[in-house]
>>> print(open('work_23.csv').read())   # CSV, C-alpha atoms
chain,number,residue,atom,x,y,z
A,1,MET,CA,0.0,0.0,0.0
A,2,PRO,CA,1.4,3.5,-0.9
A,3,LEU,CA,2.7,5.5,2.0
A,4,SER,CA,0.3,8.4,1.2
A,5,ILE,CA,-2.7,6.0,1.5
A,6,GLN,CA,-1.4,4.7,4.9
A,7,CYS,CA,-1.0,8.3,6.2
A,8,TYR,CA,-4.5,9.2,4.9
A,9,ILE,CA,-6.1,6.3,6.7
A,10,GLY,CA,-4.1,6.9,9.9
A,11,LEU,CA,-4.9,10.6,10.1
A,12,THR,CA,-8.6,10.0,9.2
A,13,LEU,CA,-9.0,7.4,11.9
A,14,PHE,CA,-7.5,10.0,14.3
A,15,LEU,CA,-10.0,12.6,13.2
A,16,LEU,CA,-13.0,10.2,13.6
A,17,TYR,CA,-12.7,10.8,17.3
A,18,GLY,CA,-14.4,14.1,16.7
A,19,PRO,CA,-17.7,12.8,15.3
A,20,ALA,CA,-17.7,10.1,18.0
A,21,VAL,CA,-17.7,12.7,20.8
A,22,THR,CA,-20.3,14.7,18.9
A,23,MET,CA,-22.6,11.7,18.6
A,24,PHE,CA,-22.4,11.0,22.3
A,25,PHE,CA,-23.6,14.5,23.3
A,26,GLU,CA,-26.1,14.5,20.5
A,27,ASN,CA,-27.5,11.2,21.8
A,28,ARG,CA,-27.9,12.6,25.4
A,29,TYR,CA,-29.5,15.7,24.0
A,30,ASN,CA,-31.9,13.7,21.8
A,31,TYR,CA,-33.2,11.3,24.5
A,32,LEU,CA,-33.1,13.7,27.5
A,33,VAL,CA,-34.2,17.1,26.0
A,34,ARG,CA,-36.1,16.3,22.9
A,35,LEU,CA,-39.7,15.2,23.2
A,36,ASP,CA,-39.8,13.9,19.6
A,37,CYS,CA,-36.8,11.6,20.0
A,38,ASP,CA,-38.6,8.5,18.6
A,39,THR,CA,-40.4,10.0,15.7
A,40,ARG,CA,-39.6,9.1,12.1
A,41,SER,CA,-38.7,12.6,11.1
A,42,ARG,CA,-36.3,13.0,14.0
A,43,ARG,CA,-34.6,9.7,13.2
A,44,PHE,CA,-34.2,10.9,9.6
A,45,LYS,CA,-32.7,14.2,10.7
A,46,ARG,CA,-30.2,12.4,13.0
A,47,ALA,CA,-29.2,10.1,10.2
A,48,VAL,CA,-28.5,13.1,7.9
A,49,HIS,CA,-26.6,14.8,10.7
A,50,TYR,CA,-24.4,11.7,11.2
A,51,PHE,CA,-23.8,11.3,7.5
A,52,ILE,CA,-22.7,14.9,7.1
A,53,ASN,CA,-20.3,14.7,10.0
A,54,TYR,CA,-18.7,11.5,8.8
A,55,PHE,CA,-18.6,12.6,5.2
A,56,ILE,CA,-16.7,15.8,6.2
A,57,THR,CA,-14.4,13.8,8.4
A,58,LEU,CA,-13.5,11.3,5.7
A,59,ASN,CA,-12.8,14.1,3.2
A,60,VAL,CA,-11.4,16.9,5.2
A,61,LEU,CA,-7.8,15.9,4.4
A,62,VAL,CA,-8.4,15.4,0.7
A,63,PRO,CA,-7.3,18.9,-0.4
A,64,SER,CA,-4.1,18.5,1.5
A,65,PHE,CA,-3.3,15.1,-0.1
A,66,LEU,CA,-4.1,16.5,-3.5
A,67,ASN,CA,-1.6,19.3,-3.1
A,68,MET,CA,1.3,17.3,-1.7
A,69,PRO,CA,4.8,18.5,-2.9
A,70,ASP,CA,7.2,16.1,-4.4
A,71,GLN,CA,9.0,14.3,-1.6
A,72,SER,CA,12.4,15.4,-2.8
A,73,VAL,CA,11.2,19.0,-2.6
A,74,ALA,CA,9.5,18.2,0.7
A,75,ARG,CA,12.9,17.1,2.2
A,76,GLN,CA,14.4,20.5,1.2
A,77,ILE,CA,11.4,22.4,2.8
A,78,ALA,CA,11.7,20.3,6.0
A,79,LEU,CA,15.5,21.1,6.3
A,80,LYS,CA,14.9,24.8,5.6
A,81,LYS,CA,12.2,25.1,8.3
A,82,LEU,CA,13.8,22.7,10.8
A,83,PRO,CA,17.6,22.8,10.3
A,84,CYS,CA,18.0,20.8,13.5
A,85,LEU,CA,16.0,17.9,12.1
A,86,PRO,CA,18.2,14.7,12.0
A,87,LEU,CA,19.2,13.7,8.5
A,88,LYS,CA,18.3,10.1,9.2
A,89,ILE,CA,14.7,11.2,9.5
A,90,VAL,CA,14.7,13.4,6.4
A,91,ASN,CA,16.4,10.8,4.3
A,92,HIS,CA,14.3,8.0,5.5
A,93,CYS,CA,12.4,6.1,2.8
A,94,LYS,CA,9.1,6.7,4.7
A,95,PHE,CA,9.5,10.4,5.1
A,96,PHE,CA,6.2,12.1,4.2
A,97,MET,CA,5.1,15.7,4.1
A,98,LEU,CA,1.4,16.6,3.8
A,99,GLY,CA,0.3,19.6,1.7
A,100,ASN,CA,1.4,23.0,2.7
A,101,GLU,CA,1.1,25.0,6.0
A,102,TYR,CA,-1.7,27.3,4.9
A,103,LEU,CA,-3.9,24.5,3.5
A,104,ASN,CA,-3.4,22.2,6.4
A,105,PHE,CA,-4.2,25.1,8.8
A,106,VAL,CA,-7.5,25.9,7.0
A,107,CYS,CA,-8.6,22.3,6.8
A,108,SER,CA,-7.8,21.4,10.4
A,109,GLY,CA,-9.1,24.7,11.7
A,110,LEU,CA,-12.5,24.5,9.9
A,111,PHE,CA,-12.9,20.9,11.0
A,112,THR,CA,-12.0,21.7,14.6
A,113,MET,CA,-14.5,24.6,14.6
A,114,LEU,CA,-17.2,22.4,13.2
A,115,ILE,CA,-16.8,19.7,15.8
A,116,TRP,CA,-16.4,22.0,18.8
A,117,THR,CA,-19.4,24.1,17.9
A,118,GLN,CA,-21.6,21.0,17.9
A,119,VAL,CA,-20.1,19.5,21.0
A,120,LEU,CA,-20.5,22.8,23.0
A,121,PHE,CA,-24.0,23.3,21.7
A,122,PHE,CA,-25.3,19.8,22.7
A,123,PHE,CA,-23.3,19.9,25.9
A,124,ALA,CA,-24.7,23.2,27.1
A,125,ILE,CA,-28.3,22.4,26.4
A,126,THR,CA,-28.0,18.9,28.0
A,127,VAL,CA,-26.3,20.3,31.1
A,128,ASN,CA,-28.9,23.1,31.4
A,129,PHE,CA,-31.7,20.5,31.2
A,130,ILE,CA,-30.2,17.9,33.6
A,131,PHE,CA,-29.2,20.4,36.3
A,132,GLY,CA,-32.3,22.5,35.9
A,133,ILE,CA,-35.0,19.9,35.7
A,134,LYS,CA,-37.4,19.5,38.6
A,135,SER,CA,-38.5,15.9,38.6
A,136,GLU,CA,-40.7,14.0,41.0
A,137,SER,CA,-38.2,11.2,41.1
A,138,GLN,CA,-35.1,12.7,42.7
A,139,ARG,CA,-33.3,9.4,42.5
A,140,THR,CA,-33.8,9.2,38.7
A,141,THR,CA,-32.5,12.8,38.3
A,142,GLN,CA,-29.5,12.1,40.5
A,143,LEU,CA,-28.6,8.9,38.5
A,144,GLN,CA,-28.9,10.8,35.2
A,145,ARG,CA,-26.6,13.5,36.5
A,146,GLU,CA,-24.0,11.0,37.9
A,147,PHE,CA,-24.0,9.0,34.7
A,148,PHE,CA,-23.6,12.2,32.5
A,149,ILE,CA,-20.7,13.5,34.7
A,150,ALA,CA,-19.0,10.1,34.7
A,151,VAL,CA,-19.2,9.7,30.9
A,152,CYS,CA,-18.0,13.3,30.4
A,153,ILE,CA,-15.0,12.4,32.5
A,154,GLN,CA,-14.5,9.2,30.5
A,155,ILE,CA,-14.6,11.2,27.2
A,156,GLY,CA,-12.9,14.3,28.3
A,157,PHE,CA,-9.7,13.0,29.9
A,158,PRO,CA,-8.5,10.8,27.0
A,159,PHE,CA,-9.5,13.7,24.7
A,160,VAL,CA,-7.2,16.0,26.5
A,161,VAL,CA,-4.5,13.3,26.5
A,162,VAL,CA,-4.8,13.3,22.7
A,163,MET,CA,-5.3,17.0,22.0
A,164,ILE,CA,-2.4,18.4,24.0
A,165,PRO,CA,0.3,16.4,22.2
A,166,ALA,CA,-1.4,16.7,18.9
A,167,CYS,CA,-1.5,20.5,19.2
A,168,TYR,CA,2.2,20.5,20.1
A,169,ILE,CA,3.1,18.5,17.1
A,170,LEU,CA,1.1,20.8,14.8
A,171,SER,CA,2.7,23.9,16.5
A,172,THR,CA,6.2,22.7,15.5
A,173,THR,CA,5.2,23.4,11.9
A,174,TYR,CA,4.5,27.1,12.6
A,175,THR,CA,6.9,27.9,15.4
A,176,ASN,CA,9.9,26.0,13.9
A,177,ASN,CA,10.7,24.7,17.4
A,178,PHE,CA,11.4,21.0,17.0
A,179,ASP,CA,12.3,19.0,20.0
A,180,MET,CA,12.7,15.2,19.4
A,181,VAL,CA,12.2,14.4,23.0
A,182,PHE,CA,8.8,16.1,23.2
A,183,ILE,CA,7.8,14.7,19.8
A,184,ASN,CA,8.5,11.2,20.9
A,185,PHE,CA,6.7,11.8,24.2
A,186,SER,CA,3.7,13.3,22.4
A,187,VAL,CA,3.5,10.3,20.1
A,188,ILE,CA,3.6,7.9,23.1
A,189,MET,CA,0.8,9.8,24.8
A,190,ILE,CA,-1.4,9.8,21.6
A,191,THR,CA,-0.9,6.0,21.1
A,192,SER,CA,-1.7,5.5,24.8
A,193,HIS,CA,-5.2,6.9,24.4
A,194,GLY,CA,-6.9,3.5,24.6
A,195,LEU,CA,-5.0,2.7,27.8
A,196,PHE,CA,-6.1,5.9,29.5
A,197,ALA,CA,-9.7,5.4,28.3
A,198,LYS,CA,-9.8,1.9,29.9
A,199,ILE,CA,-8.3,3.1,33.1
A,200,ILE,CA,-10.8,6.0,33.4
A,201,MET,CA,-13.7,3.6,32.6
A,202,LEU,CA,-12.6,1.2,35.4
A,203,VAL,CA,-12.2,4.0,37.9
A,204,ILE,CA,-15.5,5.8,37.4
A,205,HIS,CA,-17.8,2.9,36.5
A,206,LYS,CA,-18.3,0.6,39.4
A,207,PRO,CA,-20.0,-2.3,37.5
A,208,TYR,CA,-17.0,-2.5,35.1
A,209,ARG,CA,-14.6,-2.3,37.9
A,210,THR,CA,-16.3,-5.0,39.9
A,211,ALA,CA,-16.5,-7.3,37.0
A,212,THR,CA,-12.9,-6.8,36.1
A,213,LEU,CA,-11.7,-7.5,39.7
A,214,LYS,CA,-13.8,-10.7,39.7
A,215,ILE,CA,-12.2,-11.8,36.5
A,216,LEU,CA,-8.8,-11.1,37.9
A,217,GLY,CA,-9.7,-13.1,41.0
A,218,ILE,CA,-9.4,-10.1,43.3
A,219,ASN,CA,-12.6,-10.7,45.2
A,220,ARG,CA,-11.7,-9.0,48.4
A,221,PHE,CA,-12.4,-5.6,46.8
A,222,CYS,CA,-15.8,-6.6,45.5
A,223,GLU,CA,-18.8,-6.2,47.6
A,224,SER,CA,-20.4,-9.6,48.4
A,225,ASN,CA,-24.0,-10.0,47.3
A,226,LYS,CA,-24.5,-13.1,49.3
A,227,VAL,CA,-27.4,-13.1,51.7
A,228,ALA,CA,-26.8,-14.5,55.1
A,229,VAL,CA,-29.3,-17.2,56.1
A,230,VAL,CA,-29.8,-17.8,59.8
A,231,GLN,CA,-31.5,-21.0,60.8
A,232,MET,CA,-33.8,-20.4,63.7
A,233,PRO,CA,-34.5,-23.3,66.1
A,234,PRO,CA,-38.0,-24.6,66.1
A,235,TYR,CA,-40.4,-23.0,68.6
A,236,ALA,CA,-41.2,-25.1,71.6
A,237,THR,CA,-44.9,-25.9,71.9
A,238,TYR,CA,-46.4,-25.8,75.3
A,239,ASN,CA,-49.7,-27.4,76.0
>>> encode(input="work_23.csv", output="structure tokens")
Amino acid sequence: MPLSIQCYIGLTLFLLYGPAVTMFFENRYNYLVRLDCDTRSRRFKRAVHYFINYFITLNVLVPSFLNMPDQSVARQIALKKLPCLPLKIVNHCKFFMLGNEYLNFVCSGLFTMLIWTQVLFFFAITVNFIFGIKSESQRTTQLQREFFIAVCIQIGFPFVVVMIPACYILSTTYTNNFDMVFINFSVIMITSHGLFAKIIMLVIHKPYRTATLKILGINRFCESNKVAVVQMPPYATYN
């Protein structure tokens, strides 16, 4: 498979995290706030909304890939912008440069604005509804709030773990400040996203944590659900 196709697939899979987060908050908004969540028209609108998000995500990098410089020219550009870049990286057979700075900035910037606008919109309306609702069942309201907060933490923490190193890597293109140690550390953090997501899930979701501990045989941390049965002696009968 050509290197350009591999890079396109890898970067697109990374960007698919945006629509996934949007879909979660839209799902909470749809079933908690909307009164027409199960109508046919609402389902059709949601399907169109999902299709547009995924279509944009799958094609947002196409302009950059269609305007890629020749890799021999790309190596010269890389050395000009980052003179401290090791030659073994520049001359590597898998060295790859995507598009140009301006085009990459426009594509990634518009995509980020699109995703964050939707996330903040659905998040704000859902939070306002959950924490402003006056329900007769206080227990149900409390459970909804706890679940929403827990899942927000589960989504938000790995998202930060990915975004901070990704922003640093992108910033090296515009600041010309390239530090190999920070680059390697950033790549390690990004690839550890799944690990952080699993740890957060086990920490904040008790059923998952309990089931995992039971599978590992660590039963002393699990609450016992056994019911103690006490056998009472038969009553004496006096005549």
>>> atom_distance(input="work_23.csv", atom1="CA of Phe25 in chain A", atom2="CA of Phe122 in chain A")
5.6 Å
>>> closest_residue(input="work_23.csv", among="A:Gln154, A:Asn184, A:Thr12, A:Asn104", to="Leu66 in chain A", atoms="all atoms listed in the file")
A:Asn104
>>> atom_distance(input="work_23.csv", atom1="CA of Lys206 in chain A", atom2="CA of Ala150 in chain A")
10.6 Å
>>> residues_around(input="work_23.csv", residues="Val21 in chain A", least_positions_apart="2", cutoff="10 Å", atoms="all atoms listed in the file", output="list of chain:residue names")
A:Leu16, A:Tyr17, A:Gly18, A:Pro19, A:Met23, A:Phe24, A:Phe25, A:Glu26, A:Asn27, A:Ile115, A:Trp116, A:Gln118, A:Val119, A:Cys152, A:Ile155, A:Gly156, A:Phe159
>>> atom_distance(input="work_23.csv", atom1="CA of Tyr50 in chain A", atom2="CA of Leu170 in chain A")
27.3 Å
>>> residues_around(input="work_23.csv", residues="Asn91 in chain A", least_positions_apart="3", cutoff="12 Å", atoms="only C-alpha atoms", output="PyMOL selection string")
chain A and resi 71-76+78-79+85-88+94-96
>>> closest_residue(input="work_23.csv", among="A:Asp179, A:Ile77, A:Tyr208, A:Phe65", to="Gln6 in chain A", atoms="all atoms listed in the file")
A:Phe65
>>> residues_around(input="work_23.csv", residues="Val151 in chain A", least_positions_apart="2", cutoff="12 Å", atoms="all atoms listed in the file", output="list in words")
Val21, Phe24, Phe25, Arg28, Gln144, Arg145, Glu146, Phe147, Phe148, Ile149, Ile153, Gln154, Ile155, Gly156, Phe157, Pro158, Ala197, Ile200, Met201, Leu202, Val203, Ile204 and His205 of chain A
>>> closest_residue(input="work_23.csv", among="A:Thr112, A:Ser41, A:Ser192, A:Thr141", to="Ile56 in chain A", atoms="all atoms listed in the file")
A:Thr112
>>> residues_near_point(input="work_23.csv", point="(-33.6, 11.3, 17.4)", cutoff="10 Å", atoms="all atoms listed in the file", output="VMD selection string")
chain A and resid 26 to 31 34 to 47
>>> build_atoms(input="work_23.csv", residues="range 82-108 of chain A", atoms="N, CA and C atoms", output="PDB file, keeping the file's coordinate frame")
ATOM      1  N   LEU A  82      13.258  23.348   9.558  1.00  0.00           N
ATOM      2  CA  LEU A  82      13.800  22.700  10.800  1.00  0.00           C
ATOM      3  C   LEU A  82      15.205  22.261  10.533  1.00  0.00           C
ATOM      4  N   PRO A  83      16.173  23.169  10.598  1.00  0.00           N
ATOM      5  CA  PRO A  83      17.600  22.800  10.300  1.00  0.00           C
ATOM      6  C   PRO A  83      18.102  21.742  11.304  1.00  0.00           C
ATOM      7  N   CYS A  84      17.520  21.701  12.502  1.00  0.00           N
ATOM      8  CA  CYS A  84      18.000  20.800  13.500  1.00  0.00           C
ATOM      9  C   CYS A  84      17.445  19.354  13.305  1.00  0.00           C
ATOM     10  N   LEU A  85      16.609  19.173  12.303  1.00  0.00           N
ATOM     11  CA  LEU A  85      16.000  17.900  12.100  1.00  0.00           C
ATOM     12  C   LEU A  85      17.078  16.866  11.656  1.00  0.00           C
ATOM     13  N   PRO A  86      17.163  15.728  12.343  1.00  0.00           N
ATOM     14  CA  PRO A  86      18.200  14.700  12.000  1.00  0.00           C
ATOM     15  C   PRO A  86      18.068  14.267  10.556  1.00  0.00           C
ATOM     16  N   LEU A  87      19.203  14.105   9.894  1.00  0.00           N
ATOM     17  CA  LEU A  87      19.200  13.700   8.500  1.00  0.00           C
ATOM     18  C   LEU A  87      18.637  12.284   8.314  1.00  0.00           C
ATOM     19  N   LYS A  88      18.796  11.448   9.336  1.00  0.00           N
ATOM     20  CA  LYS A  88      18.300  10.100   9.200  1.00  0.00           C
ATOM     21  C   LYS A  88      16.749  10.079   9.113  1.00  0.00           C
ATOM     22  N   ILE A  89      16.116  11.135   9.630  1.00  0.00           N
ATOM     23  CA  ILE A  89      14.700  11.200   9.500  1.00  0.00           C
ATOM     24  C   ILE A  89      14.288  11.781   8.131  1.00  0.00           C
ATOM     25  N   VAL A  90      14.988  12.816   7.703  1.00  0.00           N
ATOM     26  CA  VAL A  90      14.700  13.400   6.400  1.00  0.00           C
ATOM     27  C   VAL A  90      14.934  12.473   5.260  1.00  0.00           C
ATOM     28  N   ASN A  91      16.020  11.726   5.342  1.00  0.00           N
ATOM     29  CA  ASN A  91      16.400  10.800   4.300  1.00  0.00           C
ATOM     30  C   ASN A  91      15.764   9.440   4.369  1.00  0.00           C
ATOM     31  N   HIS A  92      14.909   9.267   5.358  1.00  0.00           N
ATOM     32  CA  HIS A  92      14.300   8.000   5.500  1.00  0.00           C
ATOM     33  C   HIS A  92      13.318   7.699   4.363  1.00  0.00           C
ATOM     34  N   CYS A  93      13.207   6.441   3.980  1.00  0.00           N
ATOM     35  CA  CYS A  93      12.400   6.100   2.800  1.00  0.00           C
ATOM     36  C   CYS A  93      10.887   6.348   3.082  1.00  0.00           C
ATOM     37  N   LYS A  94      10.497   6.427   4.353  1.00  0.00           N
ATOM     38  CA  LYS A  94       9.100   6.700   4.700  1.00  0.00           C
ATOM     39  C   LYS A  94       8.830   8.101   5.130  1.00  0.00           C
ATOM     40  N   PHE A  95       9.742   8.994   4.809  1.00  0.00           N
ATOM     41  CA  PHE A  95       9.500  10.400   5.100  1.00  0.00           C
ATOM     42  C   PHE A  95       8.339  10.908   4.264  1.00  0.00           C
ATOM     43  N   PHE A  96       7.454  11.675   4.907  1.00  0.00           N
ATOM     44  CA  PHE A  96       6.200  12.100   4.200  1.00  0.00           C
ATOM     45  C   PHE A  96       5.845  13.489   4.698  1.00  0.00           C
ATOM     46  N   MET A  97       5.538  14.379   3.754  1.00  0.00           N
ATOM     47  CA  MET A  97       5.100  15.700   4.100  1.00  0.00           C
ATOM     48  C   MET A  97       3.706  15.931   3.444  1.00  0.00           C
ATOM     49  N   LEU A  98       2.789  16.452   4.235  1.00  0.00           N
ATOM     50  CA  LEU A  98       1.400  16.600   3.800  1.00  0.00           C
ATOM     51  C   LEU A  98       1.120  18.038   3.397  1.00  0.00           C
ATOM     52  N   GLY A  99       0.739  18.270   2.141  1.00  0.00           N
ATOM     53  CA  GLY A  99       0.300  19.600   1.700  1.00  0.00           C
ATOM     54  C   GLY A  99       1.190  20.714   1.987  1.00  0.00           C
ATOM     55  N   ASN A 100       0.596  21.857   2.326  1.00  0.00           N
ATOM     56  CA  ASN A 100       1.400  23.000   2.700  1.00  0.00           C
ATOM     57  C   ASN A 100       0.769  23.590   4.015  1.00  0.00           C
ATOM     58  N   GLU A 101       1.498  24.496   4.638  1.00  0.00           N
ATOM     59  CA  GLU A 101       1.100  25.000   6.000  1.00  0.00           C
ATOM     60  C   GLU A 101      -0.276  25.654   5.928  1.00  0.00           C
ATOM     61  N   TYR A 102      -0.494  26.536   4.966  1.00  0.00           N
ATOM     62  CA  TYR A 102      -1.700  27.300   4.900  1.00  0.00           C
ATOM     63  C   TYR A 102      -2.939  26.368   4.716  1.00  0.00           C
ATOM     64  N   LEU A 103      -2.828  25.447   3.772  1.00  0.00           N
ATOM     65  CA  LEU A 103      -3.900  24.500   3.500  1.00  0.00           C
ATOM     66  C   LEU A 103      -4.221  23.617   4.642  1.00  0.00           C
ATOM     67  N   ASN A 104      -3.182  23.110   5.269  1.00  0.00           N
ATOM     68  CA  ASN A 104      -3.400  22.200   6.400  1.00  0.00           C
ATOM     69  C   ASN A 104      -4.044  23.005   7.580  1.00  0.00           C
ATOM     70  N   PHE A 105      -3.643  24.261   7.762  1.00  0.00           N
ATOM     71  CA  PHE A 105      -4.200  25.100   8.800  1.00  0.00           C
ATOM     72  C   PHE A 105      -5.702  25.346   8.568  1.00  0.00           C
ATOM     73  N   VAL A 106      -6.055  25.643   7.330  1.00  0.00           N
ATOM     74  CA  VAL A 106      -7.500  25.900   7.000  1.00  0.00           C
ATOM     75  C   VAL A 106      -8.312  24.676   7.181  1.00  0.00           C
ATOM     76  N   CYS A 107      -7.846  23.546   6.669  1.00  0.00           N
ATOM     77  CA  CYS A 107      -8.600  22.300   6.800  1.00  0.00           C
ATOM     78  C   CYS A 107      -8.819  21.872   8.213  1.00  0.00           C
ATOM     79  N   SER A 108      -7.723  21.825   8.958  1.00  0.00           N
ATOM     80  CA  SER A 108      -7.800  21.400  10.400  1.00  0.00           C
ATOM     81  C   SER A 108      -8.578  22.406  11.201  1.00  0.00           C
TER      82      SER A 108
END
